[in-house]
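**Student:** Below you'll find the structure I mean.
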Amino acid sequence: MASAPKRRKAAAGSSARGKKGSADPLSGFLAWCGRAGVELSPKVRLSREGAVAGYGMLAAEELEAGEVLCTVPRSALLSQHTCSIQALLREGQEALQSQSGWVPLLLALLHEYTATNSPWQPYFSLWQDFRSLDHPMFWPKEERTRLLQGTGIPEAVDKDLANIHLEYSSIILPFMESHPNIFDPKQHTLELYKELVAFVMAYSFQEPLEEEDEDEKGPNPPMMVPVADILNHVANHNANLEYSPQCLRMVTTQPVTKGQEIFNTYGQMANWQLLHMYGFAEPYPGNTNDTADIQMVTVRKAALQRARSEAQQQLVSEQWDFLCQLEMVGEEGAFVLGWDEVLTEEELSVTLKVLCMSEEEFKEYKEQDGWEDDSEEEENSGLSNESLSRLKTPCKKLLYDSVLLTLESYGSDLKAEQDLLNNKEIYEKLSRREQQALHVRYGQKRILHQLLELVH
C-alpha cells in the first residue's frame with residue numbers, strides 16, 4: 001500500500017445519515033468535539049453545502065493569512081496510541097510489523113468502528129459506511145482497466161490488493177484469533193479491512209519526522225485527525241496543518257473571503273496519485289503538480305526498436321545492464337515528467353546519453369565507471385523544458401519514440417479526451433468514475449504531447 005500523505009474527501013454525494021442512522025451526524029460530531037477539547041474557530045463552519053465533495057470547511061467571515069481555524073489536542077487524535085486497545089497493540093507490536101506500517105491503526109479502527117460503546121462513534125457517524133469512498137480498488141477490474149489503462153493506477157491497485165490480502169491473512173487474522181474476546185473474524189472481515197484501508201488512505205495524516213530523525217527512523221505511523229480531515233484538497237490550497245507537542249492546528253496560508261471553501265494540501269500529488277489514494281482528480285488545468293510517467297523499460301524498448309543489427313541490439317542490452325548497475329534504471333521504475341521539468345532528471349539524462357552511445361563511447365564510459373569530467377556533467381545537469389529542446393538529436397529521437405510508445409499504452413487519444421471535455425452535455429452524462437478517469441488521462445497526455453513538441 002502507498003504511504004498516507006495528507007488527505008482529501010472521496011466521493012461527493014455520499015449519504016448524510018450516520019452509521020447508526022442519526023439524521024444529523026454533524027451536530028453529534030460537533031458536540032463530541034466540545035467534549036474532546038477540539039476548538040473550532042467561530043469564523044468557520046463545517047457543511048456539505050458549498051463544499052466540492054462530502055463535508056468541507058467554509059469561511060463564515062473573512063479570514064487573514066495565519067489565522068487558526070481549529071485546534072485538535074493530541075488526546076483527540078485516533079491512533080494506535082489513543083484507542084481503547086492501545087495496551088494490547090503495544091504488547092503485540094512485534095507481531096504487528098508490516099510493510100505498510102498501518103496494521104496497528106487498522107486494528108484500532110476495526111475495533112472502534114464496530115464497538116457500540118466506542119467514544120469515537122460520533123466521529124465515524126460522518127461516514128454512513130466506507131463503501132462511499134470510491135477508490136479505484138473498489139471498481140470492478142474490467143472497469144478499472146478500461147478507464148485507467150496506461151495511467152499507472154491499475155498496477156498500483158493490484159499491488160495494494162495483494163498487500164491487503166497478505167496483511168489480513170498473515171498478520172490481522174492470527175492476531176484476532178489470539179484475542180477472541182475483542183475481535184471476531186465474522187464481523188471484522190477482509191471486506192471491512194479493505195474499506196478501512198481506503199479510509200486511512202483518504203483521511204489519515206502522517207506527522208513529518210524531525211530533520212535529525214529522517215535518516216534513522218522510518219516514517220511515523222498514520223493517525224486520524226478529527227476536523228482537520230474534513231478539509232478538501234486542491235494544489236492551490238489556502239490552509240495547512242501545523243504540528244506541536246500538545247496539539248495540531250489548521251492555519252490559513254492566505255486570505256480567504258467569506259463563503260469560500262478552505263482547502264488543505266495533501267502534498268504535491270499528481271492526479272493519478274489523487275485518484276488512487278483519495279478517490280478524486282483535479283480537472284485540468286487545476287493540478288499544477290500533475291505528472292506523466294514514461295516507464296523505464298519503454299525507453300529500452302524504443303532503443304531496441306531503433307537498433308538495426310543484432311550487434312546494435314546486443315549493445316543496447318549491455319548499456320541497459322550497466323544503467324541497472326549504476327541504479328539509474330530498473331524493470332519497474334519510471335521517468336517522471338512534470339509540466340515544467342523532468343522530476344527524475346539525472347536518471348533520464350544519463351539513460352538517454354548511455355543508450356545513444358556508440359560502442360567505443362560506451363567502452364570508454366564503462367572504464368570510467370560512469371564518471372565524467374565536471375564540465376560535461378555540468379552541461380547535462382537539470383532537465384527543464386528549455387534544456388530538453390537542446391538535447392542532442394539522437395537523444396531527442398529516442399525520447400520522442402519513447403513518448404509515442406507511452407501514448408500507445410492508453411486506450412484513447414488526446415483528441416478524443418479533448419472532445420469529451422469540450423462538450424459539456426456529453427461530459428455531464430459520464431459517470432463520476434468516467435469523469436475522474438478522464439481528468440487523470442487528459443493531464444498525463446497533455447504533458448506527454450507537450451514533451452513531443454519540445455523534442456520533435
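Please note that chains go A, B, ... in the order of the C-alpha cells, that every chain numbers its residues from 1, and that ligands are numbered from 1 in the order shown.
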Would you kindly return, as a VMD selection string, each protein, DNA or RNA residue with an atom no farther than 9 Å from any atom of region 312-327 of chain A, considering only C-alpha atoms and excluding same-chain residues fewer than 2 positions away?
**Tutor:** chain A and resid 300 303 to 310 329 to 331 347 350 to 351 354 to 359 362 366 369 to 370
**Student:** List as a PyMOL selection string the protein and nucleic acid residues near Ala95 (chain A), meaning an atom at most 12 Å away when only C-alpha atoms are counted, but skip any in the same chain fewer than 2 places from it.
**Tutor:** chain A and resi 88-93+97-98+101+103-104+167+170-176+178
**Student:** Can you tell me which residues surround Leu421 (chain A) at a distance of at most 10 Å, considering only C-alpha atoms, apart from same-chain residues fewer than 5 positions away, and format the answer as a VMD selection string?
**Tutor:** chain A and resid 283 to 284 415 to 416 426 to 428 435 438 to 439 442
**Student:** Go through region 59-259 of chain A and collect every residue that DSSP, computed from the backbone, puts in strand (DSSP E); the answer should be as a list in words.
**Tutor:** Ala59, Val68, Leu69, Cys70, Thr71, Val72, Pro73, Ser204, Phe205, Met223, Met224, Asn232, His233, Ala239, Asn240, Leu241, Glu242, Tyr243, Cys247, Leu248, Arg249, Met250, Val251 and Thr252 of chain A
**Student:** Out of region 170-255 of chain A, which residues get alpha helix (DSSP H) from DSSP, as a list in words?
**Tutor:**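 Here is the list: Leu173, Pro174, Phe175, Met176, Glu177, Leu190, Glu191, Leu192, Tyr193, Lys194, Glu195, Leu196, Val197, Ala198, Phe199, Val200, Met201, Ala202 and Tyr203 of chain A.
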